[in-house]
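Report on the following structure.
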Protein chains: 2
Amino acid sequence: MGKLLIVGTVAFDAIETPFGKTDKILGGAATFIGLAASQFKTSSAIVSVVGDDFPGEYLDLFTKRNIDISGIDIVEGGKTFFWSGKYHNDLNSRDTLSTELNVLANFNPIVPENFRDASVVMLGNLHPNIQKEVIDQMVKRPKLIVMDTMNYWMNHSWDELVEVIKKVDVLTINDEEARQLTNEYSLVRAASEILKMGPRYVVIKKGEHGALLFHEGHIFFAPALPLEEVFDPTGAGDTFAGGFVGYLAETQNVSFNNLRNAVIHGANLASFCVEKFGTERLEELKKQELNRRLHQFRELTQFDIELQ
Amino acid sequence: MGKLLIVGTVAFDAIETPFGKTDKILGGAATFIGLAASQFKTSSAIVSVVGDDFPGEYLDLFTKRNIDISGIDIVEGGKTFFWSGKYHNDLNSRDTLSTELNVLANFNPIVPENFRDASVVMLGNLHPNIQKEVIDQMVKRPKLIVMDTMNYWMNHSWDELVEVIKKVDVLTINDEEARQLTNEYSLVRAASEILKMGPRYVVIKKGEHGALLFHEGHIFFAPALPLEEVFDPTGAGDTFAGGFVGYLAETQNVSFNNLRNAVIHGANLASFCVEKFGTERLEELKKQELNRRLHQFRELTQFDIELQ
């Protein structure tokens, strides 16, 4: 059982989809990553920051799942990071209605002592300097550092972003962002370019079209499970990442073959996340449901053509 | 070895992509279907119509591949169906620059006597009444009737379209068209609705995002092979269909399990089609290349999670 260190936002979200809208609910990249990873046998910790408006019951939610919260800084008199967005009818695109950085603006990540030797580090989407500070606090090189990012940092902190990308083993990024990062339209070419920037692995997330894992000329593809209804896509990418690193922290095997399994676990977790608002489905999710749906992934992708 | 009957357009295309443009070249749904299916051990025939402006060398191309052309009506003084289009930079969308129906306007399909007992019938995208006339000429119920269609017929010949859909075993349709046909955004729901309309199987084509096969609550997914470069997507859907029916005509097995294999073969053929303009890549394609790329499909999709 390996230690998993997660850095990312713990936040309030307000979401509107064609199916309804929420008030401020629990959100944030580290939240989804942590909840997803907690389905695996691993000891994990979240490094983040919230204001004193953040409900204790949300923190209890992490603790109950064996997620160490000593690295979540609670800023007195501060307000928690808030994002609100409205999805279009196809749920593939959304407008951000509001982003209030609040306490995140001065976030200074401190990795708890007992997680400075974590074997897997998941750097959720944040300013690249914060991601770098976390890496610098590790007392030994983790087995695997996984990094998520987004287009915002390409537009505003290019040099810092490239510096961090150099230091990680896996970059997870969505298709449009992979194109922006490399100036290549073909995802195969974009992945090749990213692999030259430092990482050994690249995961390109295509939302409802699945995810591609690239490594040294090899490609693996995890489909998104076709669902009757996608209710709320918020957090699906982070949930994917959480399933991915949770499985790797449990198995402590960072070979390409095991990363193939890890992206399937990520896709599996993500398929549940979108079924209800925010973290609701993840909170009630049973290991048995996950196991059952893995059979569907197998049925969805396996064929028996005799190869020549 | 089974007989495969193909009905569809044999045409001239003029194509413009970001990579270049062509004069009038060989095109048409039946052309791509026939060339793709000819990679399999099957005896096939094309039912179509061309003008006397259609080069004999194109017809020879079919004959050399053991495709019976006695059902291709050559209209004296007539002009061959012509389509021209220009792809946008992402190659995912295109503008039709011109469509000249010409001899297709009065097409009266006649199935050659020796193909009226074909075991597999592929109805390429055409007016549903023409598709129906072909079905009506069969002397016995084929093992499998596969039908392709497009949004144009939903807008202009709804009742006739629904009549033909009732009579077929497999409908192949793209994602947007499946949504239009059923008024369901979710492809899972759209497929369920289509299965209620008559077919036992539905294949929803998602272009570069692969294809989904639906059957009685089961789903199989064939990814599109991630390519360094897509040069010209023209005919990829028809080539997919050709690989699909060619394999089924060769194996004479229309079980769900074998249809899973068939969509992989379809995706495999399609991955070559897009590498050059029009039919160019299909014309030079070797069986050995197909076999080699099947290994890539296996590597792309297979994982070894122990299921519980």
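In the structure tokens, each chain is lettered A, B, ... as it comes, each chain's residues begin at 1, and ligands are numbered from 1 in order of appearance.
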Range 163-169 of chain B surroundings by only C-alpha atoms, 7 Å radius, close-in-sequence under 5 positions cut, as a ChimeraX atom specification: /B:128,132,144-147,197-201
List every residue of chain A that has an atom at most 7 Å from any atom of chain B, and for each one report the closest atom pair and its distance in Å to one decimal, counting only C-alpha atoms, with rows sorted by chain and then by increasing residue number, as CSV.
residue,atom,partner,partner_atom,distance
A:Ser186,CA,B:Glu228,CA,5.9
A:Val188,CA,B:Glu228,CA,5.2
A:Arg189,CA,B:Glu228,CA,5.8
A:His209,CA,B:His209,CA,6.2
A:Ile219,CA,B:Leu300,CA,5.8
A:Phe220,CA,B:Leu300,CA,4.3
A:Phe221,CA,B:Leu300,CA,5.4
A:Pro226,CA,B:Val188,CA,6.4
A:Leu227,CA,B:Val188,CA,6.2
A:Glu228,CA,B:Val188,CA,5.2
A:Glu229,CA,B:Ser186,CA,6.2
A:Arg260,CA,B:Phe303,CA,6.4
A:Asn261,CA,B:Phe303,CA,6.0
A:Asn291,CA,B:Gln308,CA,6.0
A:Leu294,CA,B:Leu307,CA,6.9
A:His295,CA,B:Leu307,CA,6.7
A:Glu299,CA,B:Phe220,CA,6.7
A:Leu300,CA,B:Phe220,CA,4.3
A:Thr301,CA,B:Phe221,CA,5.7
A:Gln302,CA,B:Gln302,CA,6.5
A:Phe303,CA,B:Asn261,CA,6.0
A:Asp304,CA,B:Asn261,CA,6.8
A:Ile305,CA,B:Asn261,CA,6.1
A:Leu307,CA,B:His295,CA,6.7
A:Gln308,CA,B:Asn291,CA,6.0
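For the pair CA of Glu250 in chain B and CA of Lys3 in chain B, the interatomic distance is 8.4 Å.
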message: Can you tell me which residues surround Thr239 in chain A at a distance of at most 6 Å, considering only C-alpha atoms, apart from same-chain residues fewer than 5 positions away, and format the answer as a PyMOL selection string?
response: chain A and resi 32-33+36+270
task: Could you please determine the separation between CA of Lys24 in chain B and CA of Phe12 in chain B in Å, to one decimal place?
output: 5.5 Å
message: Between CA of Thr42 in chain A and CA of Leu4 in chain A, what distance in Å does the model show, to one decimal?
response: 6.7 Å
Residues of range 232-277 of chain A in helix (DSSP H, G or I), written as number ranges by chain: A: 236-251, 256-273
Deliver the residues from the most recent selection as a file, using N, CA and C atoms, as an mmCIF file, in the first residue's frame.
data_model
loop_
_atom_site.group_PDB
_atom_site.id
_atom_site.type_symbol
_atom_site.label_atom_id
_atom_site.label_comp_id
_atom_site.auth_asym_id
_atom_site.auth_seq_id
_atom_site.Cartn_x
_atom_site.Cartn_y
_atom_site.Cartn_z
ATOM 1 N N ALA A 236 -15.346 15.361 -13.777
ATOM 2 C CA ALA A 236 -15.104 14.048 -14.391
ATOM 3 C C ALA A 236 -13.617 13.848 -14.699
ATOM 4 N N GLY A 237 -12.961 14.900 -15.189
ATOM 5 C CA GLY A 237 -11.535 14.789 -15.504
ATOM 6 C C GLY A 237 -10.706 14.542 -14.253
ATOM 7 N N ASP A 238 -11.042 15.221 -13.159
ATOM 8 C CA ASP A 238 -10.315 15.018 -11.904
ATOM 9 C C ASP A 238 -10.617 13.651 -11.310
ATOM 10 N N THR A 239 -11.850 13.205 -11.477
ATOM 11 C CA THR A 239 -12.212 11.875 -10.993
ATOM 12 C C THR A 239 -11.451 10.809 -11.758
ATOM 13 N N PHE A 240 -11.348 11.021 -13.060
ATOM 14 C CA PHE A 240 -10.522 10.137 -13.892
ATOM 15 C C PHE A 240 -9.104 10.074 -13.321
ATOM 16 N N ALA A 241 -8.530 11.249 -13.070
ATOM 17 C CA ALA A 241 -7.162 11.300 -12.531
ATOM 18 C C ALA A 241 -7.084 10.600 -11.183
ATOM 19 N N GLY A 242 -8.110 10.752 -10.353
ATOM 20 C CA GLY A 242 -8.130 10.125 -9.034
ATOM 21 C C GLY A 242 -8.153 8.605 -9.125
ATOM 22 N N GLY A 243 -8.950 8.072 -10.044
ATOM 23 C CA GLY A 243 -8.981 6.624 -10.240
ATOM 24 C C GLY A 243 -7.632 6.127 -10.746
ATOM 25 N N PHE A 244 -7.057 6.913 -11.636
ATOM 26 C CA PHE A 244 -5.760 6.590 -12.244
ATOM 27 C C PHE A 244 -4.663 6.502 -11.176
ATOM 28 N N VAL A 245 -4.509 7.559 -10.382
ATOM 29 C CA VAL A 245 -3.428 7.546 -9.379
ATOM 30 C C VAL A 245 -3.754 6.646 -8.190
ATOM 31 N N GLY A 246 -5.034 6.526 -7.855
ATOM 32 C CA GLY A 246 -5.415 5.653 -6.745
ATOM 33 C C GLY A 246 -5.005 4.213 -7.028
ATOM 34 N N TYR A 247 -5.314 3.767 -8.247
ATOM 35 C CA TYR A 247 -4.948 2.407 -8.635
ATOM 36 C C TYR A 247 -3.427 2.228 -8.645
ATOM 37 N N LEU A 248 -2.716 3.230 -9.147
ATOM 38 C CA LEU A 248 -1.252 3.123 -9.216
ATOM 39 C C LEU A 248 -0.622 3.157 -7.825
ATOM 40 N N ALA A 249 -1.206 3.942 -6.922
ATOM 41 C CA ALA A 249 -0.688 3.975 -5.554
ATOM 42 C C ALA A 249 -0.933 2.635 -4.866
ATOM 43 N N GLU A 250 -2.073 2.018 -5.159
ATOM 44 C CA GLU A 250 -2.362 0.710 -4.563
ATOM 45 C C GLU A 250 -1.419 -0.355 -5.105
ATOM 46 N N THR A 251 -1.220 -0.362 -6.408
ATOM 47 C CA THR A 251 -0.469 -1.454 -7.031
ATOM 48 C C THR A 251 1.033 -1.196 -7.054
ATOM 49 N N PHE A 256 4.121 0.530 -18.265
ATOM 50 C CA PHE A 256 3.116 0.901 -19.265
ATOM 51 C C PHE A 256 1.890 0.000 -19.160
ATOM 52 N N ASN A 257 2.128 -1.300 -18.982
ATOM 53 C CA ASN A 257 0.997 -2.227 -18.873
ATOM 54 C C ASN A 257 0.083 -1.898 -17.706
ATOM 55 N N ASN A 258 0.686 -1.519 -16.602
ATOM 56 C CA ASN A 258 -0.163 -1.196 -15.454
ATOM 57 C C ASN A 258 -0.833 0.164 -15.622
ATOM 58 N N LEU A 259 -0.179 1.078 -16.325
ATOM 59 C CA LEU A 259 -0.828 2.362 -16.599
ATOM 60 C C LEU A 259 -2.036 2.180 -17.528
ATOM 61 N N ARG A 260 -1.975 1.184 -18.413
ATOM 62 C CA ARG A 260 -3.154 0.866 -19.238
ATOM 63 C C ARG A 260 -4.332 0.544 -18.320
ATOM 64 N N ASN A 261 -4.083 -0.339 -17.353
ATOM 65 C CA ASN A 261 -5.152 -0.676 -16.404
ATOM 66 C C ASN A 261 -5.625 0.568 -15.648
ATOM 67 N N ALA A 262 -4.666 1.413 -15.310
ATOM 68 C CA ALA A 262 -4.996 2.594 -14.515
ATOM 69 C C ALA A 262 -5.939 3.540 -15.273
ATOM 70 N N VAL A 263 -5.745 3.702 -16.586
ATOM 71 C CA VAL A 263 -6.660 4.595 -17.312
ATOM 72 C C VAL A 263 -8.058 3.983 -17.416
ATOM 73 N N ILE A 264 -8.131 2.664 -17.447
ATOM 74 C CA ILE A 264 -9.459 2.029 -17.425
ATOM 75 C C ILE A 264 -10.122 2.298 -16.069
ATOM 76 N N HIS A 265 -9.378 2.160 -14.989
ATOM 77 C CA HIS A 265 -9.938 2.479 -13.673
ATOM 78 C C HIS A 265 -10.362 3.946 -13.612
ATOM 79 N N GLY A 266 -9.562 4.822 -14.184
ATOM 80 C CA GLY A 266 -9.930 6.234 -14.228
ATOM 81 C C GLY A 266 -11.233 6.454 -14.984
ATOM 82 N N ALA A 267 -11.344 5.830 -16.148
ATOM 83 C CA ALA A 267 -12.566 5.968 -16.952
ATOM 84 C C ALA A 267 -13.766 5.392 -16.213
ATOM 85 N N ASN A 268 -13.535 4.315 -15.492
ATOM 86 C CA ASN A 268 -14.594 3.675 -14.713
ATOM 87 C C ASN A 268 -15.122 4.648 -13.646
ATOM 88 N N LEU A 269 -14.215 5.206 -12.871
ATOM 89 C CA LEU A 269 -14.619 6.169 -11.835
ATOM 90 C C LEU A 269 -15.369 7.349 -12.459
ATOM 91 N N ALA A 270 -14.817 7.883 -13.561
ATOM 92 C CA ALA A 270 -15.424 9.060 -14.196
ATOM 93 C C ALA A 270 -16.845 8.772 -14.660
ATOM 94 N N SER A 271 -17.089 7.522 -15.079
ATOM 95 C CA SER A 271 -18.427 7.182 -15.583
ATOM 96 C C SER A 271 -19.481 7.297 -14.486
ATOM 97 N N PHE A 272 -19.073 7.144 -13.244
ATOM 98 C CA PHE A 272 -20.019 7.332 -12.133
ATOM 99 C C PHE A 272 -20.171 8.813 -11.798
ATOM 100 N N CYS A 273 -19.049 9.523 -11.797
ATOM 101 C CA CYS A 273 -19.048 10.931 -11.390
ATOM 102 C C CYS A 273 -20.127 11.735 -12.099
#
Pull the closest atom pair for each residue of range 139-231 of chain A that gets at most 12 Å from range 102-115 of chain A, along with the distance in Å to one decimal, counting only C-alpha atoms, ordering rows by chain and then ascending residue number, as a Markdown table.
| residue | atom | partner | partner_atom | distance |
| --- | --- | --- | --- | --- |
| A:Val139 | CA | A:Phe115 | CA | 9.2 |
| A:Lys140 | CA | A:Phe115 | CA | 10.6 |
| A:Pro142 | CA | A:Phe115 | CA | 10.6 |
Take the residues that were just selected and, keeping N, CA, C and O atoms, output them as a CSV table (one decimal), in the first residue's frame.
chain,number,residue,atom,x,y,z
A,139,VAL,N,11.1,14.5,-0.1
A,139,VAL,CA,12.4,14.2,0.4
A,139,VAL,C,13.1,13.1,-0.5
A,139,VAL,O,14.3,13.0,-0.4
A,140,LYS,N,12.3,12.4,-1.2
A,140,LYS,CA,12.9,11.5,-2.2
A,140,LYS,C,12.0,11.5,-3.5
A,140,LYS,O,10.9,11.8,-3.4
A,142,PRO,N,9.6,10.7,-6.0
A,142,PRO,CA,8.4,9.7,-6.0
A,142,PRO,C,8.6,8.8,-7.2
A,142,PRO,O,9.2,9.1,-8.2
All strand (DSSP E or B) positions in range 66-182 of chain A, as a PyMOL selection string: chain A and resi 67-75+82-87+94-100+120-123+144-148+170-174
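All residues of protein, DNA or RNA that reach within 8 Å of range 82-84 of chain B, judged by only C-alpha atoms and not counting those fewer than 3 positions away in the chain, are Ala11, Phe12, Asp13, Ala14, Ile15, Thr96, Leu97, Ser98, Thr99, Glu100, Leu101 and Asn102 of chain B.
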query: Within 9 Å of Val7 in chain A, counting only C-alpha atoms, which residues qualify if same-chain residues fewer than 6 places away don't, as a ChimeraX atom specification?
result: /A:29-30,45-48,109,111,121-126,130-131,134
